[in-house]
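Colleague: So I've got this file, work-v8.pdb, and it contains PDB, C-alpha atoms and all ligand atoms:
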MODEL        1
ATOM      1  CA  MET A   1     122.257 106.586 117.691  1.00  0.00           C
ATOM      2  CA  ALA A   2     123.169 102.944 116.939  1.00  0.00           C
ATOM      3  CA  ALA A   3     121.453 101.610 113.847  1.00  0.00           C
ATOM      4  CA  ILE A   4     118.506  99.301 114.356  1.00  0.00           C
ATOM      5  CA  LYS A   5     119.361  95.675 113.587  1.00  0.00           C
ATOM      6  CA  LEU A   6     116.910  93.766 111.416  1.00  0.00           C
ATOM      7  CA  TYR A   7     117.155  89.984 111.291  1.00  0.00           C
ATOM      8  CA  ASP A   8     116.090  89.430 107.753  1.00  0.00           C
ATOM      9  CA  PHE A   9     115.409  87.032 104.909  1.00  0.00           C
ATOM     10  CA  PRO A  10     115.174  89.218 101.793  1.00  0.00           C
ATOM     11  CA  SER A  11     112.185  87.559 100.128  1.00  0.00           C
ATOM     12  CA  SER A  12     110.178  87.409 103.372  1.00  0.00           C
ATOM     13  CA  PRO A  13     107.000  89.515 103.142  1.00  0.00           C
ATOM     14  CA  ASN A  14     106.987  89.835 106.923  1.00  0.00           C
ATOM     15  CA  CYS A  15     110.465  91.416 106.818  1.00  0.00           C
ATOM     16  CA  GLN A  16     109.507  93.565 103.846  1.00  0.00           C
ATOM     17  CA  ARG A  17     106.641  95.246 105.700  1.00  0.00           C
ATOM     18  CA  VAL A  18     109.079  96.294 108.435  1.00  0.00           C
ATOM     19  CA  LYS A  19     111.531  97.577 105.805  1.00  0.00           C
ATOM     20  CA  VAL A  20     108.757  99.730 104.319  1.00  0.00           C
ATOM     21  CA  VAL A  21     108.212 101.425 107.684  1.00  0.00           C
ATOM     22  CA  LEU A  22     111.963 101.815 108.297  1.00  0.00           C
ATOM     23  CA  GLY A  23     112.188 103.353 104.813  1.00  0.00           C
ATOM     24  CA  GLU A  24     109.239 105.704 105.330  1.00  0.00           C
ATOM     25  CA  LYS A  25     110.828 106.970 108.521  1.00  0.00           C
ATOM     26  CA  LYS A  26     114.293 107.079 106.928  1.00  0.00           C
ATOM     27  CA  LEU A  27     115.695 105.144 109.868  1.00  0.00           C
ATOM     28  CA  PRO A  28     119.161 103.703 109.282  1.00  0.00           C
ATOM     29  CA  TYR A  29     119.281  99.956 109.843  1.00  0.00           C
ATOM     30  CA  GLU A  30     121.630  97.052 109.503  1.00  0.00           C
ATOM     31  CA  THR A  31     120.327  93.762 108.155  1.00  0.00           C
ATOM     32  CA  ILE A  32     121.487  90.510 109.698  1.00  0.00           C
ATOM     33  CA  PRO A  33     120.709  87.701 107.261  1.00  0.00           C
ATOM     34  CA  VAL A  34     118.968  84.622 108.633  1.00  0.00           C
ATOM     35  CA  ASP A  35     118.971  81.799 106.096  1.00  0.00           C
ATOM     36  CA  LEU A  36     115.501  80.269 106.432  1.00  0.00           C
ATOM     37  CA  LYS A  37     116.417  77.560 103.903  1.00  0.00           C
ATOM     38  CA  LYS A  38     119.188  76.375 106.224  1.00  0.00           C
ATOM     39  CA  GLY A  39     116.876  76.561 109.260  1.00  0.00           C
ATOM     40  CA  GLU A  40     118.956  79.234 110.995  1.00  0.00           C
ATOM     41  CA  GLN A  41     115.759  80.687 112.461  1.00  0.00           C
ATOM     42  CA  LYS A  42     115.328  77.560 114.613  1.00  0.00           C
ATOM     43  CA  LYS A  43     118.821  77.682 116.139  1.00  0.00           C
ATOM     44  CA  ALA A  44     119.091  78.385 119.867  1.00  0.00           C
ATOM     45  CA  GLU A  45     120.784  81.707 119.213  1.00  0.00           C
ATOM     46  CA  HIS A  46     117.834  82.946 117.144  1.00  0.00           C
ATOM     47  CA  LEU A  47     115.205  81.412 119.453  1.00  0.00           C
ATOM     48  CA  LYS A  48     116.600  83.608 122.229  1.00  0.00           C
ATOM     49  CA  LEU A  49     115.528  86.613 120.137  1.00  0.00           C
ATOM     50  CA  ASN A  50     112.270  85.194 118.816  1.00  0.00           C
ATOM     51  CA  PRO A  51     110.795  82.170 120.602  1.00  0.00           C
ATOM     52  CA  TYR A  52     108.645  81.494 117.516  1.00  0.00           C
ATOM     53  CA  GLY A  53     111.777  80.842 115.433  1.00  0.00           C
ATOM     54  CA  LYS A  54     110.880  83.288 112.675  1.00  0.00           C
ATOM     55  CA  VAL A  55     111.953  86.541 111.053  1.00  0.00           C
ATOM     56  CA  PRO A  56     111.698  89.492 111.300  1.00  0.00           C
ATOM     57  CA  VAL A  57     113.307  90.446 114.590  1.00  0.00           C
ATOM     58  CA  ILE A  58     114.565  93.911 115.360  1.00  0.00           C
ATOM     59  CA  ILE A  59     117.008  95.025 117.999  1.00  0.00           C
ATOM     60  CA  ASP A  60     116.761  98.694 118.853  1.00  0.00           C
ATOM     61  CA  GLY A  61     119.172  99.477 121.675  1.00  0.00           C
ATOM     62  CA  ALA A  62     118.061  97.262 124.567  1.00  0.00           C
ATOM     63  CA  THR A  63     114.744  96.392 122.897  1.00  0.00           C
ATOM     64  CA  VAL A  64     114.309  93.087 121.075  1.00  0.00           C
ATOM     65  CA  LEU A  65     111.043  92.657 119.167  1.00  0.00           C
ATOM     66  CA  TYR A  66     109.394  90.182 116.820  1.00  0.00           C
ATOM     67  CA  GLU A  67     106.044  90.015 114.951  1.00  0.00           C
ATOM     68  CA  SER A  68     106.093  92.410 112.012  1.00  0.00           C
ATOM     69  CA  LEU A  69     102.855  94.269 112.820  1.00  0.00           C
ATOM     70  CA  VAL A  70     103.931  94.787 116.428  1.00  0.00           C
ATOM     71  CA  ILE A  71     107.367  95.968 115.280  1.00  0.00           C
ATOM     72  CA  ASN A  72     105.742  98.481 112.932  1.00  0.00           C
ATOM     73  CA  GLU A  73     103.518  99.903 115.679  1.00  0.00           C
ATOM     74  CA  TYR A  74     106.569 100.171 117.950  1.00  0.00           C
ATOM     75  CA  LEU A  75     108.573 101.982 115.248  1.00  0.00           C
ATOM     76  CA  ASP A  76     105.719 104.401 114.654  1.00  0.00           C
ATOM     77  CA  GLU A  77     105.399 105.176 118.366  1.00  0.00           C
ATOM     78  CA  LYS A  78     109.125 105.436 119.074  1.00  0.00           C
ATOM     79  CA  TYR A  79     109.993 107.356 115.893  1.00  0.00           C
ATOM     80  CA  PRO A  80     106.886 109.459 115.282  1.00  0.00           C
ATOM     81  CA  GLU A  81     108.053 111.310 112.140  1.00  0.00           C
ATOM     82  CA  PRO A  82     106.399 111.023 109.749  1.00  0.00           C
ATOM     83  CA  PRO A  83     103.373 109.647 111.618  1.00  0.00           C
ATOM     84  CA  LEU A  84     101.959 106.495 110.046  1.00  0.00           C
ATOM     85  CA  MET A  85      98.813 106.390 112.169  1.00  0.00           C
ATOM     86  CA  PRO A  86      96.013 108.964 112.194  1.00  0.00           C
ATOM     87  CA  LYS A  87      95.590 111.032 115.389  1.00  0.00           C
ATOM     88  CA  ASP A  88      91.888 110.293 115.698  1.00  0.00           C
ATOM     89  CA  HIS A  89      91.173 107.157 117.749  1.00  0.00           C
ATOM     90  CA  ALA A  90      88.400 105.864 115.513  1.00  0.00           C
ATOM     91  CA  LYS A  91      90.612 106.292 112.434  1.00  0.00           C
ATOM     92  CA  ARG A  92      93.441 104.454 114.192  1.00  0.00           C
ATOM     93  CA  ALA A  93      91.049 101.600 114.877  1.00  0.00           C
ATOM     94  CA  LYS A  94      90.112 101.628 111.193  1.00  0.00           C
ATOM     95  CA  VAL A  95      93.774 101.226 110.180  1.00  0.00           C
ATOM     96  CA  ARG A  96      93.918  98.114 112.385  1.00  0.00           C
ATOM     97  CA  ILE A  97      90.665  96.727 110.996  1.00  0.00           C
ATOM     98  CA  LEU A  98      91.890  97.110 107.402  1.00  0.00           C
ATOM     99  CA  THR A  99      95.209  95.530 108.315  1.00  0.00           C
ATOM    100  CA  ASP A 100      93.461  92.600 109.977  1.00  0.00           C
ATOM    101  CA  TYR A 101      91.172  92.181 106.986  1.00  0.00           C
ATOM    102  CA  GLY A 102      94.017  92.225 104.472  1.00  0.00           C
ATOM    103  CA  MET A 103      96.154  89.870 106.543  1.00  0.00           C
ATOM    104  CA  ASN A 104      93.625  87.405 107.910  1.00  0.00           C
ATOM    105  CA  HIS A 105      90.300  87.530 106.128  1.00  0.00           C
ATOM    106  CA  VAL A 106      91.712  87.102 102.641  1.00  0.00           C
ATOM    107  CA  ASP A 107      94.218  84.509 103.780  1.00  0.00           C
ATOM    108  CA  VAL A 108      92.438  81.277 102.796  1.00  0.00           C
ATOM    109  CA  PRO A 109      92.240  81.857  99.017  1.00  0.00           C
ATOM    110  CA  TYR A 110      95.592  83.679  99.008  1.00  0.00           C
ATOM    111  CA  GLN A 111      97.349  80.715 100.631  1.00  0.00           C
ATOM    112  CA  LYS A 112      95.504  78.280  98.362  1.00  0.00           C
ATOM    113  CA  ILE A 113      96.925  79.997  95.271  1.00  0.00           C
ATOM    114  CA  ARG A 114     100.423  80.148  96.822  1.00  0.00           C
ATOM    115  CA  HIS A 115     100.249  76.467  97.702  1.00  0.00           C
ATOM    116  CA  GLU A 116      99.240  75.472  94.160  1.00  0.00           C
ATOM    117  CA  LEU A 117     101.897  77.656  92.556  1.00  0.00           C
ATOM    118  CA  LEU A 118     104.596  76.070  94.714  1.00  0.00           C
ATOM    119  CA  LYS A 119     103.804  72.702  93.126  1.00  0.00           C
ATOM    120  CA  ASP A 120     105.434  71.469  89.922  1.00  0.00           C
ATOM    121  CA  GLU A 121     103.533  72.848  86.957  1.00  0.00           C
ATOM    122  CA  LYS A 122     102.184  69.443  85.955  1.00  0.00           C
ATOM    123  CA  GLU A 123     100.823  68.817  89.458  1.00  0.00           C
ATOM    124  CA  ARG A 124      98.957  72.115  89.711  1.00  0.00           C
ATOM    125  CA  SER A 125      95.189  72.286  89.549  1.00  0.00           C
ATOM    126  CA  GLN A 126      94.187  75.215  87.344  1.00  0.00           C
ATOM    127  CA  GLU A 127      90.624  74.767  88.578  1.00  0.00           C
ATOM    128  CA  THR A 128      91.733  75.270  92.201  1.00  0.00           C
ATOM    129  CA  ILE A 129      93.776  78.325  91.223  1.00  0.00           C
ATOM    130  CA  ASP A 130      90.905  79.884  89.260  1.00  0.00           C
ATOM    131  CA  LYS A 131      88.396  79.277  92.045  1.00  0.00           C
ATOM    132  CA  ALA A 132      90.755  80.694  94.707  1.00  0.00           C
ATOM    133  CA  LYS A 133      91.502  83.743  92.532  1.00  0.00           C
ATOM    134  CA  SER A 134      87.816  84.401  92.090  1.00  0.00           C
ATOM    135  CA  ASP A 135      87.221  84.041  95.877  1.00  0.00           C
ATOM    136  CA  LEU A 136      90.152  86.350  96.575  1.00  0.00           C
ATOM    137  CA  LYS A 137      88.891  89.000  94.161  1.00  0.00           C
ATOM    138  CA  ASN A 138      85.461  88.843  95.808  1.00  0.00           C
ATOM    139  CA  LEU A 139      87.027  89.369  99.238  1.00  0.00           C
ATOM    140  CA  LEU A 140      89.152  92.242  97.913  1.00  0.00           C
ATOM    141  CA  GLN A 141      85.977  94.105  96.911  1.00  0.00           C
ATOM    142  CA  ARG A 142      85.735  95.147 100.548  1.00  0.00           C
ATOM    143  CA  LEU A 143      89.086  96.979 100.313  1.00  0.00           C
ATOM    144  CA  GLU A 144      88.124  98.358  96.897  1.00  0.00           C
ATOM    145  CA  ARG A 145      85.103  99.986  98.559  1.00  0.00           C
ATOM    146  CA  GLU A 146      87.104 101.146 101.596  1.00  0.00           C
ATOM    147  CA  ILE A 147      89.758 102.935  99.569  1.00  0.00           C
ATOM    148  CA  GLY A 148      87.097 104.685  97.496  1.00  0.00           C
ATOM    149  CA  GLU A 149      88.537 107.960  96.190  1.00  0.00           C
ATOM    150  CA  GLN A 150      91.283 108.090  98.834  1.00  0.00           C
ATOM    151  CA  PRO A 151      94.944 107.808  97.794  1.00  0.00           C
ATOM    152  CA  TYR A 152      95.746 105.190 100.439  1.00  0.00           C
ATOM    153  CA  LEU A 153      93.785 102.500 102.229  1.00  0.00           C
ATOM    154  CA  ALA A 154      92.854 104.619 105.238  1.00  0.00           C
ATOM    155  CA  GLY A 155      93.248 108.085 103.702  1.00  0.00           C
ATOM    156  CA  ASP A 156      96.849 109.218 104.213  1.00  0.00           C
ATOM    157  CA  PHE A 157      99.631 106.650 103.910  1.00  0.00           C
ATOM    158  CA  SER A 158      99.482 104.520 107.066  1.00  0.00           C
ATOM    159  CA  LEU A 159     100.650 101.319 108.716  1.00  0.00           C
ATOM    160  CA  ALA A 160      97.814  99.545 106.855  1.00  0.00           C
ATOM    161  CA  ASP A 161      99.480 100.302 103.503  1.00  0.00           C
ATOM    162  CA  ALA A 162     102.871  99.184 104.819  1.00  0.00           C
ATOM    163  CA  ALA A 163     101.356  95.995 106.248  1.00  0.00           C
ATOM    164  CA  LEU A 164      99.562  94.929 103.093  1.00  0.00           C
ATOM    165  CA  ILE A 165     101.893  95.953 100.278  1.00  0.00           C
ATOM    166  CA  PRO A 166     104.169  92.860 100.362  1.00  0.00           C
ATOM    167  CA  ARG A 167     101.130  90.633  99.969  1.00  0.00           C
ATOM    168  CA  PHE A 168      99.651  92.744  97.176  1.00  0.00           C
ATOM    169  CA  ILE A 169     102.925  92.661  95.260  1.00  0.00           C
ATOM    170  CA  ARG A 170     102.683  88.875  95.430  1.00  0.00           C
ATOM    171  CA  MET A 171      99.039  88.940  94.368  1.00  0.00           C
ATOM    172  CA  ALA A 172     100.059  90.922  91.279  1.00  0.00           C
ATOM    173  CA  GLY A 173     102.673  88.231  90.600  1.00  0.00           C
ATOM    174  CA  MET A 174      99.899  85.610  90.861  1.00  0.00           C
ATOM    175  CA  GLY A 175      97.872  87.481  88.211  1.00  0.00           C
ATOM    176  CA  VAL A 176      95.229  88.824  90.611  1.00  0.00           C
ATOM    177  CA  PHE A 177      96.120  92.382  89.499  1.00  0.00           C
ATOM    178  CA  PRO A 178      95.402  94.227  87.331  1.00  0.00           C
ATOM    179  CA  ASP A 179      91.707  93.390  87.373  1.00  0.00           C
ATOM    180  CA  ALA A 180      88.826  95.380  85.906  1.00  0.00           C
ATOM    181  CA  SER A 181      86.724  94.766  89.025  1.00  0.00           C
ATOM    182  CA  LEU A 182      89.440  96.255  91.295  1.00  0.00           C
ATOM    183  CA  PRO A 183      90.462  99.521  89.601  1.00  0.00           C
ATOM    184  CA  ARG A 184      91.022 101.547  92.774  1.00  0.00           C
ATOM    185  CA  LEU A 185      93.180  98.911  94.397  1.00  0.00           C
ATOM    186  CA  GLY A 186      95.080  98.635  91.108  1.00  0.00           C
ATOM    187  CA  GLY A 187      95.700 102.407  91.229  1.00  0.00           C
ATOM    188  CA  TRP A 188      96.792 102.147  94.863  1.00  0.00           C
ATOM    189  CA  LEU A 189      99.248  99.384  93.985  1.00  0.00           C
ATOM    190  CA  GLN A 190     100.798 101.604  91.294  1.00  0.00           C
ATOM    191  CA  ARG A 191     101.036 104.563  93.697  1.00  0.00           C
ATOM    192  CA  MET A 192     102.616 102.330  96.316  1.00  0.00           C
ATOM    193  CA  LYS A 193     105.219 101.063  93.854  1.00  0.00           C
ATOM    194  CA  GLU A 194     106.295 104.648  93.233  1.00  0.00           C
ATOM    195  CA  ARG A 195     107.213 105.236  96.893  1.00  0.00           C
ATOM    196  CA  SER A 196     110.913 104.883  97.557  1.00  0.00           C
ATOM    197  CA  SER A 197     110.251 102.733 100.660  1.00  0.00           C
ATOM    198  CA  VAL A 198     108.404 100.233  98.437  1.00  0.00           C
ATOM    199  CA  LYS A 199     110.857 100.456  95.529  1.00  0.00           C
ATOM    200  CA  ALA A 200     113.479  99.241  97.998  1.00  0.00           C
ATOM    201  CA  ILE A 201     111.642  95.919  98.467  1.00  0.00           C
ATOM    202  CA  LEU A 202     110.710  95.278  94.831  1.00  0.00           C
TER     203      LEU A 202
HETATM  204  N1  LIG A 301     103.359  86.677 112.271  1.00  0.00           N
HETATM  205  C1  LIG A 301     104.764  86.759 112.008  1.00  0.00           C
HETATM  206  C2  LIG A 301     105.089  85.771 110.902  1.00  0.00           C
HETATM  207  C3  LIG A 301     106.596  85.647 110.711  1.00  0.00           C
HETATM  208  C4  LIG A 301     106.903  84.588 109.654  1.00  0.00           C
HETATM  209  O1  LIG A 301     106.088  83.667 109.382  1.00  0.00           O
HETATM  210  N2  LIG A 301     108.088  84.691 109.077  1.00  0.00           N
HETATM  211  C5  LIG A 301     108.508  83.718 108.091  1.00  0.00           C
HETATM  212  C6  LIG A 301     109.195  84.406 106.923  1.00  0.00           C
HETATM  213  S1  LIG A 301     108.052  85.329 105.946  1.00  0.00           S
HETATM  214  C7  LIG A 301     109.520  82.782 108.739  1.00  0.00           C
HETATM  215  O2  LIG A 301     110.362  83.202 109.475  1.00  0.00           O
HETATM  216  N3  LIG A 301     109.399  81.496 108.397  1.00  0.00           N
HETATM  217  C8  LIG A 301     110.334  80.512 108.819  1.00  0.00           C
HETATM  218  C9  LIG A 301     109.742  79.449 109.681  1.00  0.00           C
HETATM  219  O3  LIG A 301     108.530  79.523 110.010  1.00  0.00           O
HETATM  220  O4  LIG A 301     110.467  78.541 110.046  1.00  0.00           O
HETATM  221  C10 LIG A 301     105.159  88.191 111.631  1.00  0.00           C
HETATM  222  O5  LIG A 301     104.267  88.938 111.189  1.00  0.00           O
HETATM  223  O6  LIG A 301     106.316  88.574 111.816  1.00  0.00           O
ENDMDL
END
Any chance you could put this one into structure tokens?

Modeller:
Amino acid sequence: MAAIKLYDFPSSPNCQRVKVVLGEKKLPYETIPVDLKKGEQKKAEHLKLNPYGKVPVIIDGATVLYESLVINEYLDEKYPEPPLMPKDHAKRAKVRILTDYGMNHVDVPYQKIRHELLKDEKERSQETIDKAKSDLKNLLQRLEREIGEQPYLAGDFSLADAALIPRFIRMAGMGVFPDASLPRLGGWLQRMKERSSVKAIL
């Protein structure tokens, strides 16, 4: 079996979530670097693979795919061992709801913090950062409740955990974790960091 090709930029969270799934499934893959800083993702050659001009892209035999969440669902369906989605339909839907929540519903404060931290230190507004962090922590309470006493977001390790871990690693870097109001998510983050698929992206 030819190795899957992954068009990659190492610090890209969108590429990292695909690498977590490749790692969980122990699928061999070859990375093809795309230098986002040089704009290689907008070159005609890359646009033929991904019309959005972004990474990740995977090539698996004759199949070319982009969009990290779609890639991960494809990998789970094509390479079912170990399964990263529950069998039960309602639980599968729940994995998608948690993924959507962690990707989209917490995005505004998350991006606000990122945006501020990208500025020169003297141009940053600490007030904006503090407010966005507080909003983000409030939104994360939903996931804190969802995980409850379970080891992973939807029970067993699933595509929801793979989808959200790159973002949570960044949140920890922003000082959102550890936080006394989010002890279960803090525990989850630690458990995730112990998985070899996640260690590979740290
Ligand atoms: N929704 C896409 C987002 C992909 C994305 O935004 N990738 C970033 C890297 S993390 C990228 O290629 N940015 C370069 C650009 O937009 O020009 C996915 O999940 O794959």

Colleague: Can you spell out as a list in words the set of residues that the PyMOL selection byres (((chain A and resi 136-150) around 7) and not hetatm) selects in the structure I just provided?

Modeller: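 After applying the PyMOL selection byres (((chain A and resi 136-150) around 7) and not hetatm), what remains is Val106, Pro109, Tyr110, Ala132, Lys133, Ser134, Asp135, Pro151, Tyr152, Leu153, Ala154, Gly155, Leu182, Arg184 and Leu185 of chain A.
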
Colleague: Do you know which residues are within 8 Å of ligand LIG 301 (chain A) using all atoms listed in the file? Can you write them as a list of chain:residue names?

Modeller: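 If we count all atoms listed in the file, the neighbours of ligand LIG 301 (chain A) turn out to be A:Phe9, A:Ser11, A:Ser12, A:Pro13, A:Asn14, A:Cys15, A:Leu36, A:Gly39, A:Gln41, A:Lys42, A:Tyr52, A:Gly53, A:Lys54, A:Val55, A:Pro56, A:Val57, A:Tyr66, A:Glu67, A:Ser68, A:Leu69, A:Val70.
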
Colleague: For Lys112 in chain A, which of A:Ile129, A:Thr99, A:Leu47, A:Arg167 is the closest residue, counting all atoms listed in the file?

Modeller: A:Ile129

Colleague: Would you mind reading off the distance between CA of Ala162 in chain A and CA of Lys87 in chain A, one decimal, in Å?

Modeller: 17.5 Å

Colleague: Tell me, as a VMD selection string, which residues lie within 6 Å of range 19-28 of chain A, counting only C-alpha atoms; anything in the same chain fewer than 2 positions away does not count.

Modeller: chain A and resid 3 16 to 17 162 197 to 198

Colleague: What does the structure give for the distance between CA of Asn50 in chain A and CA of Tyr79 in chain A, in Å to one decimal?

Modeller: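 Interatomic distance, CA of Asn50 in chain A to CA of Tyr79 in chain A: 22.5 Å.
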
Colleague: So what do you get for CA of Ile58 in chain A versus CA of Ala90 in chain A, distance-wise?

Modeller: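 CA of Ile58 in chain A sits 28.8 Å away from CA of Ala90 in chain A.
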
Colleague: Got a sec to check which residues sit within 9 Å of (120.2, 87.1, 101.2), counting only C-alpha atoms, and write them as a list in words?

Modeller: Asp8, Phe9, Pro10, Ser11, Pro33, Val34 and Asp35 of chain A

Colleague: Just need the box for range 11-27 of chain A, edges along x, y and z, holding every atom the file lists for it with 8 Å tacked onto each side, so centre and edge lengths in Å to one decimal, as JSON.

Modeller:
{"center_x": 111.2, "center_y": 97.2, "center_z": 105.0, "size_x": 25.1, "size_y": 35.7, "size_z": 25.7}

Colleague: Take the PyMOL selection byres (((chain A and resi 169) around 12) and not hetatm), run it mentally on this structure, and tell me the resulting residues as JSON, numbers by chain.

Modeller: {"A": [11, 13, 16, 17, 161, 162, 163, 164, 165, 166, 167, 168, 170, 171, 172, 173, 174, 175, 176, 177, 178, 185, 186, 188, 189, 190, 192, 193, 198, 199, 201, 202]}

Colleague: Calculated over all atoms listed in the file, which of the candidates A:Val18, A:Ala200, A:Ala160, A:Ala2 has the smallest distance to Val95 in chain A?

Modeller: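 Among A:Val18, A:Ala200, A:Ala160, A:Ala2, it is A:Ala160 that comes nearest to Val95 in chain A.
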
Colleague: For Val108 in chain A, which residue among A:Lys48, A:Glu121, A:Lys131, A:Lys94 is the nearest when counting only C-alpha atoms?

Modeller: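 Among A:Lys48, A:Glu121, A:Lys131, A:Lys94, it is A:Lys131 that comes nearest to Val108 in chain A.
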
Colleague: Find, counting all atoms listed in the file, the residue in A:Glu45, A:Met85, A:Asp60, A:Lys38 that gets nearest to Ser158 in chain A.

Modeller: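 The answer is A:Met85, which sits nearest to Ser158 in chain A.
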
Colleague: Complete the atoms of range 66-83 of chain A to N, CA, C and O atoms and put them out as a PDB file, keeping the file's coordinate frame.

Modeller:
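Result written to selection32.pdb:
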ATOM      1  N   TYR A  66     109.763  91.004 117.970  1.00  0.00           N
ATOM      2  CA  TYR A  66     109.394  90.182 116.820  1.00  0.00           C
ATOM      3  C   TYR A  66     107.913  90.418 116.543  1.00  0.00           C
ATOM      4  O   TYR A  66     107.252  91.140 117.271  1.00  0.00           O
ATOM      5  N   GLU A  67     107.406  89.826 115.474  1.00  0.00           N
ATOM      6  CA  GLU A  67     106.044  90.015 114.951  1.00  0.00           C
ATOM      7  C   GLU A  67     106.001  91.348 114.183  1.00  0.00           C
ATOM      8  O   GLU A  67     105.980  92.440 114.769  1.00  0.00           O
ATOM      9  N   SER A  68     105.940  91.231 112.865  1.00  0.00           N
ATOM     10  CA  SER A  68     106.093  92.410 112.012  1.00  0.00           C
ATOM     11  C   SER A  68     105.098  93.539 112.312  1.00  0.00           C
ATOM     12  O   SER A  68     105.474  94.710 112.317  1.00  0.00           O
ATOM     13  N   LEU A  69     103.845  93.197 112.599  1.00  0.00           N
ATOM     14  CA  LEU A  69     102.855  94.269 112.820  1.00  0.00           C
ATOM     15  C   LEU A  69     103.126  94.982 114.143  1.00  0.00           C
ATOM     16  O   LEU A  69     102.930  96.195 114.264  1.00  0.00           O
ATOM     17  N   VAL A  70     103.595  94.205 115.123  1.00  0.00           N
ATOM     18  CA  VAL A  70     103.931  94.787 116.428  1.00  0.00           C
ATOM     19  C   VAL A  70     105.173  95.673 116.276  1.00  0.00           C
ATOM     20  O   VAL A  70     105.232  96.796 116.810  1.00  0.00           O
ATOM     21  N   ILE A  71     106.145  95.175 115.524  1.00  0.00           N
ATOM     22  CA  ILE A  71     107.367  95.968 115.280  1.00  0.00           C
ATOM     23  C   ILE A  71     106.986  97.298 114.635  1.00  0.00           C
ATOM     24  O   ILE A  71     107.467  98.366 115.027  1.00  0.00           O
ATOM     25  N   ASN A  72     106.098  97.249 113.646  1.00  0.00           N
ATOM     26  CA  ASN A  72     105.742  98.481 112.932  1.00  0.00           C
ATOM     27  C   ASN A  72     105.027  99.488 113.854  1.00  0.00           C
ATOM     28  O   ASN A  72     105.260 100.688 113.762  1.00  0.00           O
ATOM     29  N   GLU A  73     104.188  98.984 114.734  1.00  0.00           N
ATOM     30  CA  GLU A  73     103.518  99.903 115.679  1.00  0.00           C
ATOM     31  C   GLU A  73     104.562 100.515 116.624  1.00  0.00           C
ATOM     32  O   GLU A  73     104.515 101.703 116.941  1.00  0.00           O
ATOM     33  N   TYR A  74     105.492  99.669 117.075  1.00  0.00           N
ATOM     34  CA  TYR A  74     106.569 100.171 117.950  1.00  0.00           C
ATOM     35  C   TYR A  74     107.368 101.270 117.239  1.00  0.00           C
ATOM     36  O   TYR A  74     107.625 102.334 117.799  1.00  0.00           O
ATOM     37  N   LEU A  75     107.758 101.002 115.987  1.00  0.00           N
ATOM     38  CA  LEU A  75     108.573 101.982 115.248  1.00  0.00           C
ATOM     39  C   LEU A  75     107.810 103.296 115.105  1.00  0.00           C
ATOM     40  O   LEU A  75     108.365 104.384 115.245  1.00  0.00           O
ATOM     41  N   ASP A  76     106.507 103.187 114.842  1.00  0.00           N
ATOM     42  CA  ASP A  76     105.719 104.401 114.654  1.00  0.00           C
ATOM     43  C   ASP A  76     105.597 105.195 115.962  1.00  0.00           C
ATOM     44  O   ASP A  76     105.587 106.420 115.946  1.00  0.00           O
ATOM     45  N   GLU A  77     105.517 104.474 117.079  1.00  0.00           N
ATOM     46  CA  GLU A  77     105.399 105.176 118.366  1.00  0.00           C
ATOM     47  C   GLU A  77     106.739 105.756 118.797  1.00  0.00           C
ATOM     48  O   GLU A  77     106.825 106.878 119.289  1.00  0.00           O
ATOM     49  N   LYS A  78     107.805 104.970 118.597  1.00  0.00           N
ATOM     50  CA  LYS A  78     109.125 105.436 119.074  1.00  0.00           C
ATOM     51  C   LYS A  78     109.705 106.513 118.160  1.00  0.00           C
ATOM     52  O   LYS A  78     110.404 107.399 118.620  1.00  0.00           O
ATOM     53  N   TYR A  79     109.435 106.392 116.867  1.00  0.00           N
ATOM     54  CA  TYR A  79     109.993 107.356 115.893  1.00  0.00           C
ATOM     55  C   TYR A  79     108.806 107.994 115.161  1.00  0.00           C
ATOM     56  O   TYR A  79     108.416 107.532 114.083  1.00  0.00           O
ATOM     57  N   PRO A  80     108.197 108.996 115.773  1.00  0.00           N
ATOM     58  CA  PRO A  80     106.886 109.459 115.282  1.00  0.00           C
ATOM     59  C   PRO A  80     106.880 110.221 113.955  1.00  0.00           C
ATOM     60  O   PRO A  80     105.803 110.498 113.442  1.00  0.00           O
ATOM     61  N   GLU A  81     108.049 110.533 113.392  1.00  0.00           N
ATOM     62  CA  GLU A  81     108.053 111.310 112.140  1.00  0.00           C
ATOM     63  C   GLU A  81     108.459 110.484 110.937  1.00  0.00           C
ATOM     64  O   GLU A  81     109.507 109.833 110.999  1.00  0.00           O
ATOM     65  N   PRO A  82     107.749 110.508 109.856  1.00  0.00           N
ATOM     66  CA  PRO A  82     106.399 111.023 109.749  1.00  0.00           C
ATOM     67  C   PRO A  82     105.423 110.048 110.411  1.00  0.00           C
ATOM     68  O   PRO A  82     105.672 108.834 110.410  1.00  0.00           O
ATOM     69  N   PRO A  83     104.323 110.559 110.958  1.00  0.00           N
ATOM     70  CA  PRO A  83     103.373 109.647 111.618  1.00  0.00           C
ATOM     71  C   PRO A  83     102.710 108.723 110.601  1.00  0.00           C
ATOM     72  O   PRO A  83     102.320 109.169 109.523  1.00  0.00           O
TER      73      PRO A  83
END
